[in-house]
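Shown below: work32.cif, with mmCIF, C-alpha atoms and all ligand atoms.
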```cif
data_model
#
loop_
_atom_site.label_atom_id
_atom_site.label_comp_id
_atom_site.auth_asym_id
_atom_site.auth_seq_id
_atom_site.Cartn_x
_atom_site.Cartn_y
_atom_site.Cartn_z
CA MET A 1 -5.37 14.73 3.13
CA LYS A 2 -6.96 15.97 -0.09
CA ASN A 3 -5.67 14.82 -3.44
CA LEU A 4 -3.33 17.56 -4.57
CA ASN A 5 -3.35 16.91 -8.29
CA LYS A 6 -7.01 16.48 -9.15
CA ASN A 7 -6.64 17.57 -12.73
CA SER A 8 -3.18 16.26 -13.45
CA LYS A 9 -2.85 13.57 -16.11
CA THR A 10 -0.28 11.65 -14.12
CA PRO A 11 -1.38 9.69 -11.08
CA ASN A 12 0.32 11.29 -8.10
CA HIS A 13 -0.46 8.31 -5.90
CA VAL A 14 -0.67 4.74 -7.19
CA ALA A 15 -1.73 1.93 -4.86
CA ILE A 16 -1.22 -1.71 -5.81
CA ILE A 17 -2.81 -4.97 -4.69
CA MET A 18 0.06 -7.31 -5.55
CA ASP A 19 -1.85 -10.49 -6.34
CA GLY A 20 -0.87 -13.72 -8.07
CA ASN A 21 2.38 -14.76 -6.40
CA GLY A 22 0.95 -18.16 -5.46
CA ARG A 23 -0.28 -18.94 -8.98
CA TRP A 24 3.01 -17.75 -10.45
CA ALA A 25 4.91 -20.19 -8.23
CA GLN A 26 2.42 -23.00 -8.83
CA ALA A 27 2.86 -22.63 -12.60
CA ARG A 28 6.56 -23.30 -12.01
CA ARG A 29 5.88 -26.17 -9.59
CA ARG A 30 7.57 -24.24 -6.81
CA PRO A 31 6.38 -23.42 -3.27
CA ARG A 32 4.25 -20.32 -2.75
CA LEU A 33 7.11 -18.52 -0.99
CA PHE A 34 9.13 -18.70 -4.19
CA GLY A 35 6.39 -16.56 -5.72
CA HIS A 36 6.40 -14.12 -2.80
CA ARG A 37 10.17 -13.74 -3.13
CA ALA A 38 9.84 -12.99 -6.84
CA GLY A 39 7.05 -10.55 -5.95
CA ALA A 40 9.23 -8.76 -3.42
CA ALA A 41 11.94 -8.30 -6.07
CA ARG A 42 9.42 -6.61 -8.37
CA ILE A 43 8.74 -3.85 -5.88
CA ARG A 44 12.20 -2.35 -6.40
CA GLU A 45 11.78 -2.17 -10.17
CA ILE A 46 8.34 -0.54 -9.92
CA LEU A 47 9.57 1.90 -7.29
CA GLU A 48 12.58 2.89 -9.37
CA SER A 49 10.36 3.70 -12.34
CA CYS A 50 8.12 6.04 -10.31
CA PRO A 51 10.12 9.31 -10.61
CA LYS A 52 10.30 9.22 -14.40
CA LEU A 53 6.58 8.40 -14.63
CA GLY A 54 5.76 11.29 -12.29
CA VAL A 55 4.37 9.00 -9.57
CA LYS A 56 5.25 10.51 -6.21
CA TYR A 57 3.44 8.07 -3.91
CA LEU A 58 3.44 4.29 -4.24
CA THR A 59 1.49 2.16 -1.78
CA VAL A 60 1.67 -1.64 -1.82
CA PHE A 61 -0.53 -4.19 -0.07
CA ALA A 62 1.89 -6.72 1.40
CA PHE A 63 -0.21 -8.48 4.06
CA SER A 64 -3.88 -8.11 4.90
CA THR A 65 -5.71 -8.62 8.19
CA GLU A 66 -7.25 -11.68 6.47
CA ASN A 67 -3.89 -13.18 5.42
CA TRP A 68 -3.41 -14.67 8.91
CA LYS A 69 -5.82 -17.41 7.73
CA ARG A 70 -3.08 -18.81 5.46
CA THR A 71 -0.98 -21.75 6.65
CA GLN A 72 1.36 -21.06 9.51
CA ALA A 73 4.32 -21.83 7.21
CA GLU A 74 3.23 -19.24 4.63
CA VAL A 75 2.55 -16.57 7.27
CA ALA A 76 5.95 -17.21 8.91
CA GLY A 77 7.63 -17.18 5.51
CA LEU A 78 6.05 -13.84 4.59
CA MET A 79 6.99 -12.27 7.95
CA SER A 80 10.57 -13.43 7.53
CA LEU A 81 10.55 -12.10 3.95
CA PHE A 82 9.45 -8.65 5.23
CA GLU A 83 12.35 -8.65 7.71
CA LYS A 84 14.88 -9.74 5.11
CA TYR A 85 13.54 -7.21 2.61
CA ILE A 86 13.87 -4.34 5.06
CA ARG A 87 17.41 -5.36 6.07
CA LYS A 88 18.49 -5.81 2.46
CA GLU A 89 16.83 -2.72 0.97
CA ALA A 90 17.19 -0.16 3.78
CA ALA A 91 20.44 1.48 2.61
CA ASN A 92 19.34 1.50 -1.02
CA LEU A 93 16.01 3.12 -0.13
CA LYS A 94 17.69 5.73 2.05
CA ASP A 95 20.32 6.59 -0.58
CA ASN A 96 17.78 6.81 -3.38
CA GLY A 97 15.47 9.39 -1.87
CA VAL A 98 12.66 7.01 -0.88
CA ARG A 99 10.64 7.84 2.19
CA VAL A 100 9.17 4.65 3.61
CA ARG A 101 6.08 4.37 5.77
CA PHE A 102 4.13 1.38 7.04
CA ILE A 103 0.38 1.27 7.54
CA GLY A 104 -1.69 -1.37 9.31
CA ASP A 105 -2.01 -2.58 12.87
CA ARG A 106 1.42 -3.40 14.33
CA ILE A 107 -0.01 -5.05 17.43
CA ARG A 108 0.05 -8.59 15.98
CA LEU A 109 3.51 -8.27 14.44
CA GLU A 110 6.66 -9.54 16.12
CA ASP A 111 8.70 -6.94 17.99
CA LYS A 112 11.80 -7.46 15.85
CA LEU A 113 9.83 -6.74 12.67
CA VAL A 114 8.20 -3.67 14.23
CA ASP A 115 11.65 -2.41 15.30
CA LEU A 116 12.94 -2.77 11.73
CA MET A 117 9.87 -0.95 10.41
CA ASP A 118 10.31 1.89 12.92
CA ASP A 119 14.03 2.18 12.11
CA LEU A 120 13.40 2.33 8.36
CA GLU A 121 10.72 5.00 8.78
CA LEU A 122 13.11 7.04 10.89
CA MET A 123 16.08 6.48 8.59
CA THR A 124 14.20 7.72 5.54
CA GLN A 125 12.13 10.48 7.11
CA ASP A 126 13.99 13.30 5.32
CA ASN A 127 13.60 11.76 1.86
CA ASP A 128 11.08 13.17 -0.58
CA LEU A 129 11.74 11.81 -4.08
CA VAL A 130 9.22 8.95 -3.80
CA HIS A 131 7.02 7.98 -0.88
CA LEU A 132 6.68 4.21 -0.49
CA THR A 133 3.98 2.99 1.85
CA VAL A 134 3.83 -0.70 2.71
CA ALA A 135 0.59 -2.08 4.15
CA ILE A 136 1.29 -4.90 6.61
CA ASN A 137 -1.51 -6.41 8.73
CA TYR A 138 -3.69 -3.83 7.04
CA GLY A 139 -7.45 -3.95 6.48
CA GLY A 140 -9.57 -0.97 5.47
CA ARG A 141 -12.36 -1.76 7.92
CA ASP A 142 -9.88 -2.41 10.71
CA GLU A 143 -8.19 0.92 9.96
CA VAL A 144 -11.53 2.80 10.12
CA ALA A 145 -12.42 0.98 13.37
CA ARG A 146 -9.04 1.84 14.95
CA ALA A 147 -9.38 5.44 13.74
CA THR A 148 -12.87 5.69 15.22
CA ARG A 149 -11.62 4.33 18.53
CA ARG A 150 -8.93 7.02 18.67
CA LEU A 151 -11.40 9.67 17.64
CA ALA A 152 -13.92 8.55 20.31
CA ARG A 153 -11.16 8.77 22.91
CA ASP A 154 -10.45 12.36 21.85
CA VAL A 155 -14.17 13.14 22.20
CA GLU A 156 -14.14 11.59 25.70
CA LEU A 157 -11.11 13.71 26.55
CA LYS A 158 -12.92 16.73 25.12
CA LYS A 159 -10.14 17.34 22.57
CA LEU A 160 -12.76 17.07 19.84
CA SER A 161 -16.44 17.81 19.85
CA ALA A 162 -18.89 15.29 18.30
CA LYS A 163 -20.32 18.02 16.07
CA ASP A 164 -16.86 18.47 14.50
CA VAL A 165 -16.63 14.85 13.28
CA ASN A 166 -16.85 15.07 9.50
CA GLU A 167 -15.10 14.06 6.26
CA GLU A 168 -12.22 16.40 7.06
CA THR A 169 -11.58 15.39 10.67
CA LEU A 170 -12.12 11.61 10.52
CA PRO A 171 -9.30 10.88 8.00
CA LYS A 172 -6.85 12.64 10.32
CA TYR A 173 -7.16 9.50 12.49
CA LEU A 174 -6.49 7.05 9.65
CA ASP A 175 -3.06 5.39 9.24
CA THR A 176 -2.78 7.28 5.94
CA HIS A 177 -3.38 10.72 7.48
CA VAL A 178 -0.26 12.23 5.92
CA LEU A 179 -0.83 10.75 2.44
CA PRO A 180 -2.92 12.03 -0.45
CA ASP A 181 -5.76 9.75 -1.57
CA PRO A 182 -4.75 7.28 -4.31
CA ASP A 183 -5.54 8.40 -7.85
CA LEU A 184 -5.15 4.92 -9.27
CA VAL A 185 -5.53 1.50 -7.64
CA ILE A 186 -4.11 -1.43 -9.58
CA ARG A 187 -4.86 -5.07 -8.86
CA THR A 188 -2.87 -7.71 -10.67
CA SER A 189 -3.74 -11.35 -11.48
CA GLY A 190 -7.17 -10.89 -13.02
CA GLU A 191 -9.23 -10.68 -9.80
CA ALA A 192 -11.67 -7.76 -9.76
CA ARG A 193 -12.02 -7.18 -6.01
CA ILE A 194 -10.73 -4.52 -3.66
CA SER A 195 -10.29 -6.91 -0.72
CA ASN A 196 -10.53 -4.35 2.07
CA PHE A 197 -7.75 -2.12 0.68
CA LEU A 198 -7.85 1.66 1.32
CA LEU A 199 -11.66 1.67 1.55
CA TRP A 200 -12.05 5.25 2.72
CA GLN A 201 -9.19 6.64 0.65
CA SER A 202 -10.17 5.11 -2.70
CA ALA A 203 -13.70 6.55 -2.81
CA TYR A 204 -12.86 8.43 -6.03
CA SER A 205 -9.87 6.44 -7.28
CA GLU A 206 -9.70 4.94 -10.71
CA TYR A 207 -9.34 1.16 -10.69
CA GLU A 208 -7.33 -0.96 -13.07
CA PHE A 209 -7.64 -4.74 -12.89
CA ILE A 210 -5.03 -6.40 -15.01
CA ASP A 211 -4.40 -10.06 -15.81
CA THR A 212 -0.61 -10.08 -15.27
CA LEU A 213 0.50 -11.97 -12.15
CA TRP A 214 2.42 -9.73 -9.74
CA PRO A 215 5.88 -11.34 -10.26
CA ASP A 216 5.47 -10.64 -14.01
CA PHE A 217 4.44 -7.02 -13.48
CA THR A 218 7.42 -5.27 -15.08
CA SER A 219 8.10 -1.55 -15.20
CA GLU A 220 6.97 -1.66 -18.87
CA VAL A 221 3.54 -3.02 -17.84
CA PHE A 222 3.39 -0.41 -15.07
CA ALA A 223 4.19 2.40 -17.52
CA LYS A 224 1.35 1.21 -19.79
CA VAL A 225 -1.15 1.17 -16.94
CA VAL A 226 -0.06 4.66 -15.88
CA ALA A 227 -0.39 5.86 -19.50
CA SER A 228 -3.91 4.42 -19.78
CA TYR A 229 -4.88 6.31 -16.60
CA SER A 230 -3.88 9.51 -18.38
CA GLN A 231 -6.59 8.85 -20.98
CA ARG A 232 -9.33 8.71 -18.37
CA SER A 233 -11.41 11.66 -17.30
CA ARG A 234 -12.02 11.98 -13.57
CA ARG A 235 -15.11 13.90 -12.61
CA PHE A 236 -15.33 13.38 -8.84
CA GLY A 237 -19.11 13.21 -9.07
CA GLY A 238 -19.38 16.35 -11.23
CA ALA A 239 -20.38 16.55 -14.89
CA SER A 240 -17.90 16.17 -17.74
CA VAL A 241 -16.88 19.42 -19.40
C1 LIG B 301 -0.87 -12.13 -3.05
O1 LIG B 301 -0.58 -13.22 -3.87
C2 LIG B 301 0.31 -11.66 -2.39
C3 LIG B 301 0.48 -11.58 -1.03
C4 LIG B 301 -0.54 -11.97 -0.04
C5 LIG B 301 1.75 -11.14 -0.45
C6 LIG B 301 2.36 -9.94 -1.10
C7 LIG B 301 3.78 -9.96 -0.77
C8 LIG B 301 4.79 -9.70 -1.64
C9 LIG B 301 4.61 -9.22 -3.02
C10 LIG B 301 6.19 -9.91 -1.27
C11 LIG B 301 6.73 -9.24 -0.09
C12 LIG B 301 6.47 -7.81 0.06
C13 LIG B 301 7.36 -6.95 0.64
C14 LIG B 301 6.94 -5.57 0.98
C15 LIG B 301 8.72 -7.36 0.92
P1 LIG B 301 -1.26 -14.61 -3.52
O2 LIG B 301 -0.39 -15.35 -2.61
O3 LIG B 301 -2.65 -14.36 -3.01
O4 LIG B 301 -1.33 -15.27 -4.94
P2 LIG B 301 -2.44 -16.27 -5.49
O5 LIG B 301 -3.74 -15.52 -5.50
O6 LIG B 301 -1.95 -16.60 -6.85
O7 LIG B 301 -2.45 -17.44 -4.56
#
```
This entry written out as structure tokens:
Amino acid sequence: MKNLNKNSKTPNHVAIIMDGNGRWAQARRRPRLFGHRAGAARIREILESCPKLGVKYLTVFAFSTENWKRTQAEVAGLMSLFEKYIRKEAANLKDNGVRVRFIGDRIRLEDKLVDLMDDLELMTQDNDLVHLTVAINYGGRDEVARATRRLARDVELKKLSAKDVNEETLPKYLDTHVLPDPDLVIRTSGEARISNFLLWQSAYSEYEFIDTLWPDFTSEVFAKVVASYSQRSRRFGGASV
């Protein structure tokens, strides 16, 4: 879907690569999961600050297709954290106008987690104050490959003609098909990489790489990053005026 607020000064959609949980925990001589738990708690604060900042869509990268390479204990800990988070936050999200969606390939996730994800999506489907999208087992290349597979099937079934495959039709097959493109992508912890996040969707996004570790990313820091976006001029390949 096209970005609806091209010329607005406020980012309508902010996407975040929440990096630095491990280092945050290490600095406190605690296990990595301690950092992930602190990171999970931050999401609520950032989400709650979205309406007053004018941010309608918030997308967070919780687990990448590459994160399976971590130790079995860390992967299991993160999966259990996602389940606990959904159980704990569901009522609060529903009551506070948050519409939740999940993107990524669900095929490798445990059934009980997928059921919780489905239930939360359903429970919050009428909300419209803020749209929270959580990327779990998500990779940009994997998403484009899965989208292309679905598109090719539609061509085989003659629902779509090859000549109609273009920049408008292909994104309809992406996990994000109902979302606007992100205006601003933030990565915390000082790393300047996009790590396979929203590759198609962020073609014209502004990027902000900031040194703060994710568990230290307060709503004050978020507000500053959003304010600095407002100073930028987005030209989408055109000339400045
Ligand atoms: C990156 O930090 C963070 C992750 C891979 C996991 C992100 C998960 C959360 C913030 C918590 C849970 C989320 C939800 C939706 C409940 P890292 O481990 O790579 O940190 P490091 O680079 O310092 O090692």
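Once only C-alpha atoms and all ligand atoms are used for the distance check, the residues close to ligand LIG 301 (chain B) at 7 Å turn out to be Met18, Asp19, Gly20, Asn21, Gly22, Arg23, Trp24, Arg32, His36, Arg37, Gly39, Ala40, Phe61, Ala62, Phe63, Asn67, Leu78, Leu81, Phe82, Tyr85 and Val134 of chain A.
Take CA of Ala152 (chain A) and CA of Glu167 (chain A): the distance between them is 15.1 Å.
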message: Given all atoms listed in the file as the basis, pick out the residue of A:Lys56, A:Arg149, A:Lys224, A:Arg44 nearest to Lys88 (chain A).
response: A:Arg44
- request: Would you list the contacts of region 109-113 of chain A as a list in words, taking every protein, DNA or RNA residue within 12 Å and counting all atoms listed in the file, but skipping same-chain residues closer than 3 positions in sequence?
  value: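 Counting only the stated atoms, we get Phe63, Thr65, Trp68, Val75, Ala76, Leu78, Met79, Ser80, Leu81, Phe82, Glu83, Lys84, Tyr85, Ile86, Arg87, Phe102, Gly104, Asp105, Arg106, Leu116, Met117, Asp118, Asp119, Leu120, Ile136, Asn137 and Tyr138 of chain A.
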Atom-to-atom span, CA of His131 (chain A) and CA of Glu74 (chain A), Å: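 Interatomic distance, CA of His131 (chain A) to CA of Glu74 (chain A): 28.0 Å.
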statement: Between A:Ile186, A:Asp142, A:Gly77, A:Asp216, smallest distance to Ala25 (chain A) by all atoms listed in the file belongs to A:Asp216
Nearest residue to Trp214 (chain A) from the set A:Asp95, A:Lys172, A:Tyr229, A:Arg187 (distances using all atoms listed in the file): A:Arg187
task: Take CA of Leu198 (chain A) and CA of Asp181 (chain A) and report the distance between them in Å, one decimal.
output: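 Interatomic distance, CA of Leu198 (chain A) to CA of Asp181 (chain A): 8.8 Å.
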task: Around the point (11.2, 1.9, -10.6), in the coordinates given by the file, pick out the residues reaching within 12 Å, counting only C-alpha atoms, and return them as number ranges by chain.
output: A: 41-58, 93, 96, 98, 129-130, 132, 217-223
- request: Tell me which protein, DNA and RNA residues are within 9 Å of Pro182 (chain A), counting only C-alpha atoms, leaving out same-chain ones fewer than 5 positions away, and put them as an NGL selection string.
  value: :A and (3 or 11-15 or 57-59 or 198 or 201-202 or 204-206)
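Ranking A:Leu151, A:Lys9, A:Leu213, A:Ile17 by their shortest atom-to-atom distance to Val165 (chain A), with only C-alpha atoms included, puts A:Leu151 first.
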message: Using all atoms listed in the file, can you tell me which of A:Ala239, A:Leu170, A:Ile16, A:Ile210 comes closest to Ala147 (chain A)?
response: A:Leu170
Give the centre and edge lengths of an axis-aligned box, in Å to one decimal, that holds all listed atoms of region 6-22 of chain A with 3 Å on each side, as lines of an AutoDock Vina configuration file.
```
center_x = -2.3
center_y = -0.3
center_z = -10.4
size_x = 15.4
size_y = 41.7
size_z = 17.4
```
